[in-house]
file run-v1.csv (CSV, C-alpha atoms)
chain,number,residue,atom,x,y,z
A,1,MET,CA,8.2,-89.6,-38.6
A,2,GLU,CA,10.3,-87.5,-40.8
A,3,ASN,CA,7.4,-85.8,-42.5
A,4,LEU,CA,4.3,-84.6,-40.8
A,5,ARG,CA,2.3,-85.3,-44.0
A,6,GLU,CA,3.0,-89.0,-43.6
A,7,THR,CA,1.8,-88.9,-39.9
A,8,PRO,CA,-1.6,-90.5,-39.4
A,9,VAL,CA,-4.3,-87.8,-38.8
A,10,GLY,CA,-5.2,-89.3,-35.4
A,11,VAL,CA,-1.6,-89.1,-34.2
A,12,GLN,CA,-1.5,-85.5,-35.3
A,13,ARG,CA,-4.6,-84.7,-33.4
A,14,ASP,CA,-3.2,-86.4,-30.3
A,15,PHE,CA,0.0,-84.4,-30.5
A,16,GLY,CA,-2.0,-81.2,-31.2
A,17,ARG,CA,-4.0,-81.7,-28.0
A,18,PHE,CA,-0.9,-82.5,-26.0
A,19,PHE,CA,0.9,-79.4,-27.4
A,20,LEU,CA,-2.1,-77.1,-26.5
A,21,ASP,CA,-2.3,-78.6,-23.0
A,22,GLU,CA,1.4,-78.4,-22.2
A,23,TYR,CA,3.0,-75.6,-24.2
A,24,ARG,CA,2.4,-72.7,-21.7
A,25,ALA,CA,3.8,-74.7,-18.7
A,26,VAL,CA,6.9,-75.8,-20.7
A,27,LEU,CA,7.4,-72.2,-21.9
A,28,ARG,CA,7.3,-71.0,-18.3
A,29,LEU,CA,9.8,-73.6,-17.3
A,30,ALA,CA,12.1,-72.7,-20.1
A,31,TYR,CA,11.8,-69.0,-19.2
A,32,ALA,CA,12.6,-69.6,-15.6
A,33,LEU,CA,15.7,-71.6,-16.5
A,34,SER,CA,16.9,-69.2,-19.3
A,35,GLY,CA,15.7,-65.8,-18.2
A,36,GLU,CA,14.9,-64.7,-21.7
A,37,ALA,CA,11.6,-64.8,-23.5
A,38,THR,CA,13.0,-65.5,-27.0
A,39,ALA,CA,15.3,-68.2,-25.7
A,40,ALA,CA,12.4,-69.8,-23.7
A,41,GLU,CA,10.3,-69.9,-26.9
A,42,ASP,CA,13.2,-71.6,-28.8
A,43,ILE,CA,13.7,-74.1,-26.0
A,44,ALA,CA,10.0,-74.9,-25.7
A,45,GLN,CA,9.6,-75.2,-29.5
A,46,GLU,CA,12.6,-77.5,-29.8
A,47,ALA,CA,11.4,-79.7,-27.0
A,48,PHE,CA,8.0,-80.1,-28.7
A,49,LEU,CA,9.6,-80.6,-32.0
A,50,ALA,CA,11.6,-83.5,-30.5
A,51,ALA,CA,8.4,-84.9,-29.0
A,52,LEU,CA,6.7,-84.7,-32.4
A,53,ARG,CA,9.5,-86.4,-34.2
A,54,HIS,CA,9.2,-89.4,-31.7
A,55,TRP,CA,5.5,-89.0,-30.9
A,56,PRO,CA,4.4,-92.6,-31.0
A,57,ARG,CA,7.2,-93.6,-28.7
A,58,VAL,CA,6.8,-90.6,-26.4
A,59,ALA,CA,3.0,-90.9,-26.2
A,60,ALA,CA,3.5,-94.6,-25.2
A,61,TYR,CA,5.6,-93.6,-22.2
A,62,GLY,CA,2.5,-92.6,-20.3
A,63,ASN,CA,3.9,-89.3,-19.1
A,64,ALA,CA,4.7,-87.4,-22.3
A,65,ALA,CA,4.5,-84.1,-20.3
A,66,ALA,CA,7.4,-85.2,-18.1
A,67,TRP,CA,9.4,-86.2,-21.1
A,68,VAL,CA,9.0,-82.9,-22.9
A,69,ARG,CA,9.9,-81.0,-19.7
A,70,ARG,CA,13.1,-83.1,-19.3
A,71,VAL,CA,14.0,-82.2,-22.9
A,72,ALA,CA,13.4,-78.5,-22.2
A,73,ALA,CA,15.3,-78.5,-19.0
A,74,ASN,CA,18.3,-80.2,-20.6
A,75,GLN,CA,18.2,-77.8,-23.5
A,76,ALA,CA,18.2,-74.9,-21.1
A,77,VAL,CA,21.3,-76.3,-19.4
A,78,SER,CA,23.0,-76.8,-22.7
A,79,ARG,CA,22.2,-73.3,-23.7
A,80,ARG,CA,23.6,-71.9,-20.4
A,81,ARG,CA,26.8,-73.9,-20.9
A,82,ARG,CA,27.1,-72.7,-24.5
A,83,LEU,CA,26.5,-69.0,-23.6
A,84,ARG,CA,29.1,-69.3,-20.8
A,85,ASN,CA,31.6,-70.7,-23.2
A,86,GLU,CA,30.9,-68.0,-25.8
A,87,ALA,CA,31.2,-65.3,-23.1
A,88,ARG,CA,34.6,-66.7,-22.1
A,89,ALA,CA,35.7,-66.8,-25.7
A,90,TYR,CA,34.5,-63.2,-26.3
A,91,ALA,CA,36.3,-62.0,-23.2
A,92,ARG,CA,39.5,-63.7,-24.4
A,93,LEU,CA,39.2,-62.3,-27.9
A,94,ALA,CA,38.3,-58.8,-26.8
A,95,GLY,CA,40.7,-58.7,-23.9
A,96,GLN,CA,38.1,-57.1,-21.8
A,97,PRO,CA,35.4,-58.4,-19.4
A,98,VAL,CA,32.0,-59.2,-20.9
A,99,PRO,CA,29.7,-56.2,-20.3
A,100,VAL,CA,26.9,-56.8,-17.8
A,101,ASP,CA,23.3,-56.5,-19.0
A,102,ALA,CA,21.2,-53.7,-17.5
A,103,ARG,CA,18.2,-55.8,-16.5
A,104,PRO,CA,15.2,-54.7,-14.5
A,105,SER,CA,15.4,-55.2,-10.8
A,106,GLY,CA,12.9,-56.6,-8.3
A,107,PRO,CA,12.4,-59.6,-6.1
A,108,ASP,CA,11.2,-61.9,-8.8
A,109,VAL,CA,14.0,-60.9,-11.2
A,110,GLU,CA,16.6,-61.2,-8.5
A,111,PHE,CA,15.2,-64.6,-7.4
A,112,TRP,CA,15.2,-66.2,-10.9
A,113,ALA,CA,18.6,-64.7,-11.6
A,114,ALA,CA,19.9,-66.4,-8.5
A,115,VAL,CA,18.2,-69.7,-9.5
A,116,ARG,CA,19.9,-69.5,-12.9
A,117,ALA,CA,23.2,-69.0,-11.2
A,118,LEU,CA,22.9,-72.3,-9.3
A,119,PRO,CA,24.4,-75.5,-10.7
A,120,ALA,CA,22.2,-76.9,-13.4
A,121,ARG,CA,20.6,-79.7,-11.5
A,122,GLN,CA,19.7,-77.5,-8.5
A,123,ALA,CA,18.2,-74.8,-10.9
A,124,GLN,CA,16.1,-77.5,-12.6
A,125,VAL,CA,14.8,-78.9,-9.3
A,126,ILE,CA,14.1,-75.5,-7.8
A,127,THR,CA,12.3,-74.3,-10.9
A,128,LEU,CA,10.1,-77.3,-11.2
A,129,HIS,CA,9.3,-77.1,-7.5
A,130,TYR,CA,8.5,-73.4,-7.2
A,131,LEU,CA,7.3,-72.6,-10.7
A,132,GLU,CA,5.1,-75.6,-11.3
A,133,ASP,CA,4.5,-76.6,-7.7
A,134,ARG,CA,5.7,-80.1,-8.3
A,135,SER,CA,6.4,-82.6,-5.6
A,136,VAL,CA,9.7,-84.4,-5.1
A,137,ALA,CA,8.3,-87.6,-6.7
A,138,GLN,CA,7.0,-85.6,-9.7
A,139,ILE,CA,10.3,-83.8,-10.2
A,140,ALA,CA,12.1,-87.2,-10.0
A,141,VAL,CA,9.9,-88.5,-12.8
A,142,VAL,CA,10.4,-85.4,-15.0
A,143,LEU,CA,14.2,-85.3,-14.6
A,144,GLY,CA,14.7,-89.1,-14.4
A,145,LEU,CA,16.3,-88.9,-11.0
A,146,ALA,CA,16.0,-90.8,-7.8
A,147,GLU,CA,13.8,-89.0,-5.2
A,148,GLY,CA,16.7,-88.8,-2.8
A,149,THR,CA,18.7,-87.0,-5.5
A,150,VAL,CA,15.9,-84.5,-5.9
A,151,LYS,CA,15.6,-84.0,-2.2
A,152,SER,CA,19.3,-83.3,-1.9
A,153,ALA,CA,19.3,-80.9,-4.9
A,154,LEU,CA,16.3,-79.1,-3.5
A,155,HIS,CA,17.9,-78.8,0.0
A,156,THR,CA,21.2,-77.7,-1.4
A,157,GLY,CA,19.6,-75.3,-3.8
A,158,ARG,CA,17.5,-73.7,-1.1
A,159,ARG,CA,20.5,-73.1,1.1
A,160,ALA,CA,22.5,-71.6,-1.8
A,161,LEU,CA,19.5,-69.3,-2.7
A,162,ALA,CA,19.1,-68.3,0.9
A,163,ALA,CA,22.8,-67.3,1.1
A,164,LYS,CA,22.7,-65.5,-2.3
A,165,LEU,CA,19.6,-63.6,-1.5
A,166,ASP,CA,20.6,-63.0,2.1
A,167,LEU,CA,17.5,-64.8,3.5
A,168,GLU,CA,17.1,-67.1,6.4
A,169,ALA,CA,17.6,-70.8,5.3
A,170,ASP,CA,14.8,-73.4,5.5
A,171,PRO,CA,14.7,-75.1,9.0
call {"tool": "encode", "arguments": {"input": "run-v1.csv", "output": "structure tokens"}}
result
Amino acid sequence: MENLRETPVGVQRDFGRFFLDEYRAVLRLAYALSGEATAAEDIAQEAFLAALRHWPRVAAYGNAAAWVRRVAANQAVSRRRRLRNEARAYARLAGQPVPVDARPSGPDVEFWAAVRALPARQAQVITLHYLEDRSVAQIAVVLGLAEGTVKSALHTGRRALAAKLDLEADP
């Protein structure tokens, strides 16, 4: 499906409905994982563009929403990795530490910043669990993981967040 004009009208309508139904949730996921509105928009748009490119196959999966969330989550991880590498290169080239952003403070900002500081898998699992209120089984489907892996990442991520945020850990 290289060209949208060559796409059958019914397929376009199906994708259009899917996009309208899922865009806000995927955008929230991307924002929670990236921490930046413009980056979240780019991530969400790229995820939906990938879905559109492969729409007949994606629609046939039966859970296109999980597929597009997985793409968005993976893109957020890739973006974080790329930014970290760029910051290291900048610091080496400039010979100085990278300046810290002056960001607004508050419990939500602090929480999501702590989530983004977790290892990628833990950040993805925590975000899907708390932002979208997804169950372990649903997260496993979205990320293509075993439920035990999700449980482990959720447990480890919660403990790490509790330590970072100086909170009492889950019982």
call {"tool": "residues_around", "arguments": {"input": "run-v1.csv", "residues": "region 121-132 of chain A", "least_positions_apart": "4", "cutoff": "10 Å", "atoms": "all atoms listed in the file", "output": "PyMOL selection string"}}
result
chain A and resi 25-26+28-33+69-70+73-74+76-77+112+114-117+136+138-140+142-143+149-158+160-161
call {"tool": "atom_distance", "arguments": {"input": "run-v1.csv", "atom1": "CA of Ala39 (chain A)", "atom2": "CA of Ala64 (chain A)"}}
result
22.2 Å
call {"tool": "atom_distance", "arguments": {"input": "run-v1.csv", "atom1": "CA of Arg80 (chain A)", "atom2": "CA of Ala40 (chain A)"}}
result
11.9 Å
call {"tool": "closest_residue", "arguments": {"input": "run-v1.csv", "among": "A:Phe18, A:Thr38, A:Arg79, A:Leu167", "to": "Ala51 (chain A)", "atoms": "only C-alpha atoms"}}
result
A:Phe18
call {"tool": "residues_around", "arguments": {"input": "run-v1.csv", "residues": "Leu27 (chain A)", "least_positions_apart": "5", "cutoff": "9 Å", "atoms": "all atoms listed in the file", "output": "PyMOL selection string"}}
result
chain A and resi 22+32+37+40-41+43-45+72
call {"tool": "atom_distance", "arguments": {"input": "run-v1.csv", "atom1": "CA of Phe111 (chain A)", "atom2": "CA of Ala163 (chain A)"}}
result
11.7 Å
call {"tool": "closest_residue", "arguments": {"input": "run-v1.csv", "among": "A:Ala59, A:Val71, A:Ala89, A:Val109", "to": "Leu165 (chain A)", "atoms": "only C-alpha atoms"}}
result
A:Val109
